[in-house]
file upload14.csv (CSV, C-alpha atoms)
chain,number,residue,atom,x,y,z
I,3,MET,CA,0.0,0.0,0.0
I,4,THR,CA,1.5,3.3,-1.1
I,5,PRO,CA,1.1,6.2,1.4
I,6,PRO,CA,-2.1,8.2,1.1
I,7,LYS,CA,-2.0,11.3,-0.9
I,8,ARG,CA,-2.3,14.1,1.4
I,9,GLN,CA,-4.6,17.0,0.8
I,10,ARG,CA,-2.7,20.3,0.1
I,11,ARG,CA,-3.4,23.1,2.5
I,12,HIS,CA,-3.4,26.7,1.6
I,13,PRO,CA,-3.1,28.8,4.7
I,14,THR,CA,-3.8,32.0,2.9
I,15,ASP,CA,-7.2,30.7,2.0
I,16,GLN,CA,-8.1,30.2,5.6
I,17,PRO,CA,-10.2,32.7,7.5
I,18,PRO,CA,-8.3,34.5,10.3
I,19,PRO,CA,-8.7,33.3,13.8
I,20,GLN,CA,-11.9,34.5,15.3
I,21,PRO,CA,-11.4,36.9,18.2
I,22,ALA,CA,-13.4,36.3,21.3
I,23,ALA,CA,-16.7,38.3,21.3
I,24,PRO,CA,-16.2,41.7,22.9
I,25,PRO,CA,-17.8,42.1,26.3
I,26,GLY,CA,-21.3,43.2,26.1
I,27,VAL,CA,-22.0,41.5,22.8
I,28,LYS,CA,-24.9,39.1,23.4
I,29,LYS,CA,-24.3,35.8,21.7
I,30,ASN,CA,-26.6,32.8,21.6
I,31,PRO,CA,-27.4,32.1,25.2
I,32,GLU,CA,-25.9,28.6,24.9
I,33,ARG,CA,-25.9,26.9,28.2
I,34,LEU,CA,-22.7,24.9,28.2
I,35,PHE,CA,-21.1,22.9,30.9
I,36,VAL,CA,-23.3,23.9,33.8
I,37,VAL,CA,-23.7,20.2,34.2
I,38,ALA,CA,-20.8,19.4,36.5
I,39,GLY,CA,-20.0,16.1,38.0
I,40,LYS,CA,-18.3,15.5,41.4
I,41,ASP,CA,-14.8,16.8,41.5
I,42,GLY,CA,-12.3,14.3,40.4
I,43,ALA,CA,-14.9,11.6,39.6
I,44,GLU,CA,-13.9,9.2,36.8
I,45,ARG,CA,-16.2,9.5,33.9
I,46,ALA,CA,-18.0,6.3,32.9
I,47,GLU,CA,-16.9,4.6,29.7
I,48,LEU,CA,-19.7,5.7,27.4
I,49,ASP,CA,-19.9,5.4,23.7
I,50,LEU,CA,-22.2,7.4,21.4
I,51,VAL,CA,-24.3,4.3,21.0
I,52,THR,CA,-24.3,3.0,24.6
I,53,LEU,CA,-28.0,2.5,25.3
I,54,ILE,CA,-29.3,4.1,28.4
I,55,VAL,CA,-32.4,3.0,30.3
I,56,ALA,CA,-33.9,4.7,33.4
I,57,SER,CA,-34.1,2.3,36.3
I,58,ALA,CA,-36.0,4.7,38.6
I,59,ASP,CA,-38.3,7.7,38.5
I,60,PRO,CA,-36.5,11.0,39.0
I,61,PRO,CA,-36.0,11.6,42.8
I,62,PRO,CA,-37.1,14.9,44.1
I,63,SER,CA,-33.5,15.8,44.6
I,64,ALA,CA,-32.7,15.4,40.9
I,65,ALA,CA,-31.3,18.4,39.0
I,66,PRO,CA,-33.5,19.5,36.1
I,67,GLU,CA,-31.2,17.9,33.5
I,68,GLN,CA,-31.2,14.7,35.4
I,69,ALA,CA,-34.9,14.6,35.7
I,70,ALA,CA,-35.3,15.4,32.0
I,71,LEU,CA,-32.9,12.6,31.1
I,72,LEU,CA,-34.7,10.1,33.3
I,73,ARG,CA,-38.0,11.0,31.8
I,74,LEU,CA,-36.5,10.6,28.3
I,75,CYS,CA,-35.0,7.2,28.7
I,76,THR,CA,-37.9,5.2,30.1
I,77,THR,CA,-37.3,3.3,26.9
I,78,PRO,CA,-33.7,2.7,25.7
I,79,LEU,CA,-32.0,5.6,24.1
I,80,SER,CA,-28.4,6.0,22.9
I,81,VAL,CA,-26.1,8.6,24.4
I,82,ALA,CA,-26.2,10.3,21.0
I,83,GLU,CA,-29.9,10.6,21.0
I,84,LEU,CA,-29.9,11.9,24.6
I,85,SER,CA,-27.3,14.5,23.6
I,86,ALA,CA,-29.5,15.6,20.7
I,87,TYR,CA,-32.8,15.7,22.6
I,88,LEU,CA,-31.3,17.5,25.6
I,89,ASN,CA,-29.2,19.8,23.5
I,90,LEU,CA,-26.1,19.0,25.5
I,91,PRO,CA,-22.7,18.3,24.1
I,92,PHE,CA,-21.5,14.7,24.2
I,93,SER,CA,-18.9,15.5,26.8
I,94,ALA,CA,-21.5,17.1,29.1
I,95,MET,CA,-23.7,14.1,28.6
I,96,THR,CA,-21.0,11.7,29.9
I,97,VAL,CA,-20.7,13.8,33.0
I,98,LEU,CA,-24.4,13.8,33.6
I,99,LEU,CA,-24.7,10.1,32.9
I,100,THR,CA,-21.7,9.2,35.2
I,101,ASP,CA,-23.6,10.7,38.1
I,102,LEU,CA,-26.8,8.9,37.3
I,103,LEU,CA,-25.0,5.6,36.8
I,104,THR,CA,-23.2,6.0,40.1
I,105,ALA,CA,-26.6,6.7,41.8
I,106,ASP,CA,-28.1,3.6,40.1
I,107,LEU,CA,-30.8,5.7,38.5
I,108,VAL,CA,-29.9,4.5,35.0
I,109,THR,CA,-28.4,1.4,33.5
I,110,ALA,CA,-26.1,1.3,30.5
I,111,ARG,CA,-26.1,-1.4,27.8
I,112,ALA,CA,-22.7,-1.4,26.2
I,113,PRO,CA,-22.4,-1.3,22.4
I,114,LEU,CA,-21.1,-4.2,20.3
I,115,VAL,CA,-17.8,-3.0,18.9
I,116,ARG,CA,-15.6,-4.3,16.2
I,117,GLN,CA,-14.0,-7.3,17.9
I,118,SER,CA,-10.5,-8.7,17.6
I,119,VAL,CA,-12.3,-11.9,16.6
I,120,ALA,CA,-14.9,-10.8,14.1
I,121,ASP,CA,-18.4,-11.8,14.9
I,122,ARG,CA,-19.9,-13.1,11.7
I,123,SER,CA,-23.3,-13.7,13.1
I,124,LEU,CA,-23.5,-10.1,14.1
I,125,LEU,CA,-22.6,-9.0,10.6
I,126,GLU,CA,-25.1,-11.4,9.2
I,127,ALA,CA,-27.8,-10.1,11.5
I,128,VAL,CA,-27.2,-6.5,10.3
I,129,MET,CA,-27.3,-7.6,6.7
I,130,HIS,CA,-30.6,-9.3,7.2
I,131,GLY,CA,-32.0,-6.2,8.9
I,132,LEU,CA,-30.8,-4.0,6.1
I,133,GLN,CA,-32.3,-6.3,3.4
I,134,ARG,CA,-35.7,-5.7,5.0
I,135,LEU,CA,-35.5,-2.0,4.5
J,24,MET,CA,-26.1,19.6,8.6
J,25,ASP,CA,-29.5,21.0,7.9
J,26,PHE,CA,-31.3,19.6,10.9
J,27,LYS,CA,-30.9,22.2,13.5
J,28,GLY,CA,-33.9,22.6,15.8
J,29,SER,CA,-33.6,19.5,17.9
J,30,ASP,CA,-34.1,21.8,20.9
J,31,THR,CA,-37.7,22.0,20.0
J,32,ILE,CA,-38.1,18.3,20.3
J,33,PRO,CA,-38.9,17.1,23.8
J,34,GLY,CA,-38.0,13.5,23.0
J,35,PRO,CA,-38.7,10.7,20.6
J,36,ARG,CA,-42.2,10.3,19.2
J,37,THR,CA,-43.9,7.3,20.5
J,38,GLU,CA,-43.4,5.4,17.3
J,39,ASP,CA,-39.7,6.3,17.4
J,40,GLN,CA,-39.1,4.7,20.8
J,41,LEU,CA,-37.0,1.6,20.9
J,42,PRO,CA,-38.5,-1.5,22.5
J,43,HIS,CA,-37.4,-2.4,25.9
J,44,THR,CA,-35.8,-5.5,24.5
J,45,ALA,CA,-33.1,-3.4,22.7
J,46,GLU,CA,-30.0,-4.8,24.2
J,47,ALA,CA,-27.1,-3.5,22.1
J,48,ALA,CA,-26.2,-1.1,19.4
J,49,VAL,CA,-23.7,-1.0,16.6
J,50,LYS,CA,-22.6,2.0,14.5
J,51,ILE,CA,-21.4,2.7,11.0
J,52,VAL,CA,-19.7,6.0,10.2
J,53,ILE,CA,-20.4,7.9,7.0
J,54,VAL,CA,-17.5,10.2,6.4
J,55,GLY,CA,-16.9,12.8,3.8
J,56,GLY,CA,-16.4,16.5,3.0
J,57,PHE,CA,-18.9,19.3,3.6
J,58,GLY,CA,-21.9,19.1,1.3
J,59,VAL,CA,-21.1,15.6,-0.1
J,60,GLY,CA,-24.4,14.2,1.1
J,61,LYS,CA,-23.7,12.6,4.4
J,62,THR,CA,-26.8,13.9,6.1
J,63,THR,CA,-28.8,13.1,3.0
J,64,MET,CA,-27.6,9.5,3.1
J,65,VAL,CA,-28.3,9.2,6.8
J,66,GLY,CA,-31.8,10.6,6.4
J,67,SER,CA,-32.7,8.4,3.4
J,68,VAL,CA,-32.3,5.2,5.4
J,69,SER,CA,-32.9,6.3,8.9
J,70,GLU,CA,-36.2,5.3,10.6
J,71,ILE,CA,-36.1,8.5,12.7
J,72,ARG,CA,-35.7,12.0,11.5
J,73,PRO,CA,-31.9,12.6,11.6
J,74,LEU,CA,-30.8,14.1,14.9
J,75,THR,CA,-27.7,16.2,15.7
J,76,THR,CA,-25.2,15.8,18.4
J,77,GLU,CA,-22.8,18.7,19.0
J,78,GLU,CA,-19.5,19.1,20.6
J,79,THR,CA,-17.4,22.2,21.3
J,80,MET,CA,-13.8,22.6,20.3
J,81,THR,CA,-11.1,24.4,22.2
J,82,GLN,CA,-9.7,27.6,20.9
J,83,ALA,CA,-6.7,25.7,19.5
J,84,GLY,CA,-8.8,24.5,16.7
J,85,ILE,CA,-10.0,27.9,15.5
J,86,GLY,CA,-8.4,29.4,12.5
J,87,VAL,CA,-7.0,26.2,11.0
J,88,ASP,CA,-10.5,25.1,10.1
J,89,ASP,CA,-11.8,25.3,6.6
J,90,ASN,CA,-15.0,27.2,6.3
J,91,PHE,CA,-17.2,24.8,8.1
J,92,GLY,CA,-20.2,25.5,5.9
J,93,SER,CA,-21.3,28.8,7.2
J,94,ASP,CA,-19.7,32.0,8.1
J,95,SER,CA,-22.2,32.8,10.8
J,96,LYS,CA,-21.8,29.6,12.7
J,97,THR,CA,-19.6,29.8,15.7
J,98,ALA,CA,-16.3,28.2,14.9
J,99,THR,CA,-16.2,26.3,18.1
J,100,THR,CA,-19.2,24.0,17.6
J,101,VAL,CA,-18.9,20.9,15.6
J,102,ALA,CA,-22.1,19.0,14.7
J,103,MET,CA,-22.7,15.4,13.7
J,104,ASP,CA,-25.9,14.2,12.2
J,105,PHE,CA,-27.0,10.7,12.8
J,106,GLY,CA,-29.9,8.3,12.2
J,107,ARG,CA,-31.1,4.9,13.4
J,108,ILE,CA,-32.2,1.6,11.9
J,109,SER,CA,-33.7,-1.1,14.1
J,110,ILE,CA,-32.2,-4.4,13.0
J,111,THR,CA,-34.0,-6.7,15.4
J,112,ASP,CA,-35.9,-6.2,18.6
J,113,GLN,CA,-32.5,-6.6,20.3
J,114,LEU,CA,-30.1,-4.9,17.9
J,115,VAL,CA,-30.0,-1.3,16.7
J,116,LEU,CA,-27.8,0.2,14.0
J,117,TYR,CA,-26.8,3.9,14.3
J,118,LEU,CA,-25.4,5.8,11.3
J,119,PHE,CA,-23.2,8.9,12.0
J,120,GLY,CA,-22.4,11.4,9.3
J,121,THR,CA,-19.0,12.8,10.3
J,122,PRO,CA,-16.9,15.7,9.0
J,123,GLY,CA,-13.8,14.6,7.1
J,124,GLN,CA,-11.3,16.5,9.3
J,125,GLU,CA,-9.7,14.1,11.7
J,126,ARG,CA,-9.4,16.5,14.6
J,127,PHE,CA,-13.1,16.5,14.9
J,128,TRP,CA,-13.2,12.7,15.3
J,129,PHE,CA,-11.6,13.0,18.7
J,130,LEU,CA,-14.5,15.0,20.0
J,131,TRP,CA,-16.6,11.8,20.3
J,132,ASN,CA,-15.0,8.9,22.2
J,133,GLY,CA,-14.2,5.9,20.0
J,134,LEU,CA,-16.3,7.2,17.1
J,135,PHE,CA,-14.3,5.1,14.6
J,136,GLU,CA,-12.7,2.5,16.9
J,137,GLY,CA,-16.0,0.9,17.9
J,138,ALA,CA,-17.6,1.2,14.5
J,139,LEU,CA,-18.3,-1.8,12.4
J,140,GLY,CA,-16.8,0.1,9.5
J,141,ALA,CA,-17.1,3.3,7.5
J,142,VAL,CA,-18.5,4.6,4.2
J,143,VAL,CA,-16.3,7.2,2.5
J,144,LEU,CA,-18.8,9.3,0.6
J,145,ILE,CA,-17.2,11.2,-2.3
J,146,ASP,CA,-18.2,13.9,-4.8
J,147,THR,CA,-16.3,13.6,-8.1
J,148,ARG,CA,-16.3,17.4,-8.3
J,149,ARG,CA,-14.0,17.5,-5.3
J,150,LEU,CA,-12.3,14.2,-5.2
J,151,GLU,CA,-9.2,15.5,-3.5
J,152,VAL,CA,-11.2,16.2,-0.3
J,153,SER,CA,-11.4,12.5,0.3
J,154,PHE,CA,-7.7,11.8,0.0
J,155,ASP,CA,-6.9,12.7,3.6
J,156,VAL,CA,-9.9,10.9,5.0
J,157,ILE,CA,-9.0,7.7,3.3
J,158,GLY,CA,-5.4,7.8,4.5
J,159,ARG,CA,-6.6,8.4,8.1
J,160,LEU,CA,-9.0,5.4,8.0
J,161,GLU,CA,-6.1,3.2,6.6
J,162,GLU,CA,-3.9,4.4,9.4
J,163,ARG,CA,-6.5,3.5,12.0
J,164,GLY,CA,-7.3,0.2,10.5
J,165,VAL,CA,-11.0,1.0,10.0
J,166,PRO,CA,-12.5,-1.1,7.2
J,167,PHE,CA,-14.3,1.1,4.6
J,168,VAL,CA,-15.9,1.2,1.3
J,169,VAL,CA,-16.1,4.1,-1.1
J,170,ALA,CA,-19.5,5.4,-2.3
J,171,VAL,CA,-19.6,8.0,-5.1
J,172,ASN,CA,-22.6,10.2,-4.7
J,173,SER,CA,-23.7,11.0,-8.2
J,174,PHE,CA,-24.4,14.6,-8.7
J,175,PRO,CA,-25.9,15.6,-12.1
J,176,ASP,CA,-23.2,18.1,-12.8
J,177,GLY,CA,-20.3,16.0,-11.5
J,178,PRO,CA,-17.8,14.5,-13.8
J,179,ARG,CA,-18.2,10.8,-14.3
J,180,TYR,CA,-15.1,8.6,-14.1
J,181,PRO,CA,-14.8,4.9,-14.7
J,182,ILE,CA,-14.6,3.1,-11.4
J,183,GLU,CA,-11.1,1.9,-12.2
J,184,ASP,CA,-9.9,5.4,-12.8
J,185,LEU,CA,-11.3,6.4,-9.4
J,186,ARG,CA,-9.5,3.5,-7.9
J,187,THR,CA,-6.2,4.7,-9.3
J,188,ALA,CA,-6.8,8.3,-8.3
J,189,LEU,CA,-7.8,7.2,-4.7
J,190,ASP,CA,-5.0,4.7,-4.6
J,191,LEU,CA,-7.1,1.9,-3.3
J,192,ASP,CA,-6.4,-1.8,-3.3
J,193,PRO,CA,-8.6,-3.9,-5.7
J,194,GLU,CA,-10.6,-5.6,-2.9
J,195,ILE,CA,-12.0,-2.3,-1.5
J,196,PRO,CA,-15.4,-1.8,-3.0
J,197,ILE,CA,-16.2,1.4,-4.9
J,198,VAL,CA,-19.9,1.9,-5.7
J,199,GLU,CA,-21.9,4.7,-7.2
J,200,CYS,CA,-25.0,5.8,-5.4
J,201,ASP,CA,-27.7,8.4,-5.1
J,202,ALA,CA,-27.7,9.3,-1.5
J,203,ARG,CA,-31.3,10.8,-1.8
J,204,ARG,CA,-32.7,7.3,-2.5
J,205,ARG,CA,-33.3,4.9,0.3
J,206,ALA,CA,-32.7,1.8,-1.8
J,207,SER,CA,-29.4,3.2,-3.1
J,208,SER,CA,-28.2,4.2,0.3
J,209,ARG,CA,-29.3,0.9,1.7
J,210,ASP,CA,-27.2,-0.8,-1.1
J,211,VAL,CA,-24.1,1.1,-0.1
J,212,LEU,CA,-24.5,-0.1,3.5
J,213,MET,CA,-25.0,-3.7,2.2
J,214,THR,CA,-21.8,-3.3,0.2
J,215,LEU,CA,-20.0,-2.4,3.4
J,216,MET,CA,-21.5,-5.3,5.3
J,217,ARG,CA,-20.7,-7.8,2.6
J,218,PHE,CA,-17.1,-6.4,2.6
J,219,LEU,CA,-16.9,-6.7,6.4
J,220,HIS,CA,-18.3,-10.2,6.1
J,221,SER,CA,-15.7,-11.2,3.5
J,222,LEU,CA,-12.9,-9.8,5.8
J,223,ALA,CA,-14.3,-11.8,8.7
J,224,MET,CA,-14.4,-15.0,6.6
J,225,SER,CA,-10.8,-14.5,5.5
J,226,GLY,CA,-9.8,-13.7,9.0
J,227,ALA,CA,-8.5,-10.3,7.9
J,228,LEU,CA,-10.8,-8.3,10.1
J,229,ARG,CA,-8.9,-7.1,13.1

call {"tool": "encode", "arguments": {"input": "upload14.csv", "output": "structure tokens"}}
result
Amino acid sequence: MTPPKRQRRHPTDQPPPQPAAPPGVKKNPERLFVVAGKDGAERAELDLVTLIVASADPPPSAAPEQAALLRLCTTPLSVAELSAYLNLPFSAMTVLLTDLLTADLVTARAPLVRQSVADRSLLEAVMHGLQRL
Amino acid sequence: MDFKGSDTIPGPRTEDQLPHTAEAAVKIVIVGGFGVGKTTMVGSVSEIRPLTTEETMTQAGIGVDDNFGSDSKTATTVAMDFGRISITDQLVLYLFGTPGQERFWFLWNGLFEGALGAVVLIDTRRLEVSFDVIGRLEERGVPFVVAVNSFPDGPRYPIEDLRTALDLDPEIPIVECDARRRASSRDVLMTLMRFLHSLAMSGALR
């Protein structure tokens, strides 16, 4: 295999770095990273397609984001879908979910990833599913 | 990239909910340059309206970006559209349409590492955009097929000319498709699955 042909880059074509918005300029009131886990807590190993299922109703002590998440995943939902519906970045989702997993309020169903030993039956199941589309 | 507005959706519609029996999910990544039709392909085969997951980039990424589709969009937000196909009551397939620039891939843990494989979607009007993507997938050992999204005004090349231009081994499938059509997009995914299956049969899949 010959090396890949690399795409030429032309720095002069690039837009200049964007300066930070000057103070007083109102930008989109995006709410980012107000979801904070416990200090120093390890984040759970979560994939975009880890399926999350609520295992309890939201406790009264639940933060609004936690309560919203628990109501959403009464049926299984992937981390990616939760991120989309709750309008939270993936990284913030993993923080939020780590807390809920620690508190046993949700369970996580790990994705099937590409294995060192390929699982032909998995590939065949996906093929059969696609053929029915 | 045209599916903003997920913030108005409180959650999945009842008919979009997965059954409780859904035990595991797999993913396929559709990767290509801006405007090549990734979201179109995701949308044509997805059982749900495509959704968007976003991630923010640190300041370090700003300025080395190509124009990410829109001047007005804040440079720090990277979006990825995705869809879903229920394979069985237990198994779900997710499709992610991913920007071609590798440094975006790190924003979502294991986006490629855990994927079954990838579809490199290319536009013959901007073939060179895919060169870097293909090299990156090779480096990471992610199995992939190449799908040529046929645009009416795009130049048409014989598949073997494309193979030479993209410097691909003969066993890597290259197919033409119309990402707007469900059957065509489905066939691309089937091509990838057959390729993965052949790799598994030959013991070549890592």

call {"tool": "closest_residue", "arguments": {"input": "upload14.csv", "among": "I:Val51, I:Val81, I:Val97, I:Leu71", "to": "chain J", "atoms": "only C-alpha atoms"}}
result
I:Val51

call {"tool": "interface_residues", "arguments": {"input": "upload14.csv", "of": "chain J", "to": "chain I", "cutoff": "6 Å", "atoms": "all atoms listed in the file", "output": "PyMOL selection string"}}
result
chain J and resi 30+34+41+43+47-49+75-78+85-86+110+137+139+154-155+158+223+229

call {"tool": "write_last_selection", "arguments": {"input": "upload14.csv", "atoms": "C-alpha atoms", "output": "PDB file, keeping the file's coordinate frame"}}
result
ATOM      1  CA  ASP J  30     -34.100  21.800  20.900  1.00  0.00           C
ATOM      2  CA  GLY J  34     -38.000  13.500  23.000  1.00  0.00           C
ATOM      3  CA  LEU J  41     -37.000   1.600  20.900  1.00  0.00           C
ATOM      4  CA  HIS J  43     -37.400  -2.400  25.900  1.00  0.00           C
ATOM      5  CA  ALA J  47     -27.100  -3.500  22.100  1.00  0.00           C
ATOM      6  CA  ALA J  48     -26.200  -1.100  19.400  1.00  0.00           C
ATOM      7  CA  VAL J  49     -23.700  -1.000  16.600  1.00  0.00           C
ATOM      8  CA  THR J  75     -27.700  16.200  15.700  1.00  0.00           C
ATOM      9  CA  THR J  76     -25.200  15.800  18.400  1.00  0.00           C
ATOM     10  CA  GLU J  77     -22.800  18.700  19.000  1.00  0.00           C
ATOM     11  CA  GLU J  78     -19.500  19.100  20.600  1.00  0.00           C
ATOM     12  CA  ILE J  85     -10.000  27.900  15.500  1.00  0.00           C
ATOM     13  CA  GLY J  86      -8.400  29.400  12.500  1.00  0.00           C
ATOM     14  CA  ILE J 110     -32.200  -4.400  13.000  1.00  0.00           C
ATOM     15  CA  GLY J 137     -16.000   0.900  17.900  1.00  0.00           C
ATOM     16  CA  LEU J 139     -18.300  -1.800  12.400  1.00  0.00           C
ATOM     17  CA  PHE J 154      -7.700  11.800   0.000  1.00  0.00           C
ATOM     18  CA  ASP J 155      -6.900  12.700   3.600  1.00  0.00           C
ATOM     19  CA  GLY J 158      -5.400   7.800   4.500  1.00  0.00           C
ATOM     20  CA  ALA J 223     -14.300 -11.800   8.700  1.00  0.00           C
ATOM     21  CA  ARG J 229      -8.900  -7.100  13.100  1.00  0.00           C
TER      22      ARG J 229
END

call {"tool": "atom_distance", "arguments": {"input": "upload14.csv", "atom1": "atom CA of Asp201 of chain J", "atom2": "atom CA of Asp39 of chain J"}}
result
25.6 Å

call {"tool": "residues_around", "arguments": {"input": "upload14.csv", "residues": "Leu144 of chain J", "least_positions_apart": "3", "cutoff": "9 Å", "atoms": "only C-alpha atoms", "output": "tab-separated table (two decimals) with C-alpha atoms, in the coordinates of the input"}}
result
chain	number	residue	atom	x	y	z
J	53	ILE	CA	-20.40	7.90	7.00
J	54	VAL	CA	-17.50	10.20	6.40
J	55	GLY	CA	-16.90	12.80	3.80
J	56	GLY	CA	-16.40	16.50	3.00
J	59	VAL	CA	-21.10	15.60	-0.10
J	60	GLY	CA	-24.40	14.20	1.10
J	61	LYS	CA	-23.70	12.60	4.40
J	153	SER	CA	-11.40	12.50	0.30
J	168	VAL	CA	-15.90	1.20	1.30
J	169	VAL	CA	-16.10	4.10	-1.10
J	170	ALA	CA	-19.50	5.40	-2.30
J	171	VAL	CA	-19.60	8.00	-5.10
J	172	ASN	CA	-22.60	10.20	-4.70

call {"tool": "residues_around", "arguments": {"input": "upload14.csv", "residues": "Ser57 of chain I", "least_positions_apart": "3", "cutoff": "7 Å", "atoms": "all atoms listed in the file", "output": "PyMOL selection string"}}
result
chain I and resi 107-109

call {"tool": "closest_residue", "arguments": {"input": "upload14.csv", "among": "J:Pro166, J:Pro35, J:Gly58, J:Gly123", "to": "Ser221 of chain J", "atoms": "all atoms listed in the file"}}
result
J:Pro166

call {"tool": "atom_distance", "arguments": {"input": "upload14.csv", "atom1": "atom CA of Val143 of chain J", "atom2": "atom CA of Ile108 of chain J"}}
result
19.3 Å

call {"tool": "atom_distance", "arguments": {"input": "upload14.csv", "atom1": "atom CA of Pro42 of chain J", "atom2": "atom CA of Gly106 of chain J"}}
result
16.6 Å

call {"tool": "residues_around", "arguments": {"input": "upload14.csv", "residues": "Met64 of chain J", "least_positions_apart": "3", "cutoff": "8 Å", "atoms": "all atoms listed in the file", "output": "compact mmCIF listing (two decimals) with C-alpha atoms, in the frame of the given file"}}
result
# COMPACT_ATOMS: atom_id res chain seq x y z
CA GLY J 60 -24.40 14.20 1.10
CA LYS J 61 -23.70 12.60 4.40
CA SER J 67 -32.70 8.40 3.40
CA VAL J 68 -32.30 5.20 5.40
CA ALA J 202 -27.70 9.30 -1.50
CA ARG J 203 -31.30 10.80 -1.80
CA ARG J 204 -32.70 7.30 -2.50
CA ARG J 205 -33.30 4.90 0.30
CA SER J 208 -28.20 4.20 0.30
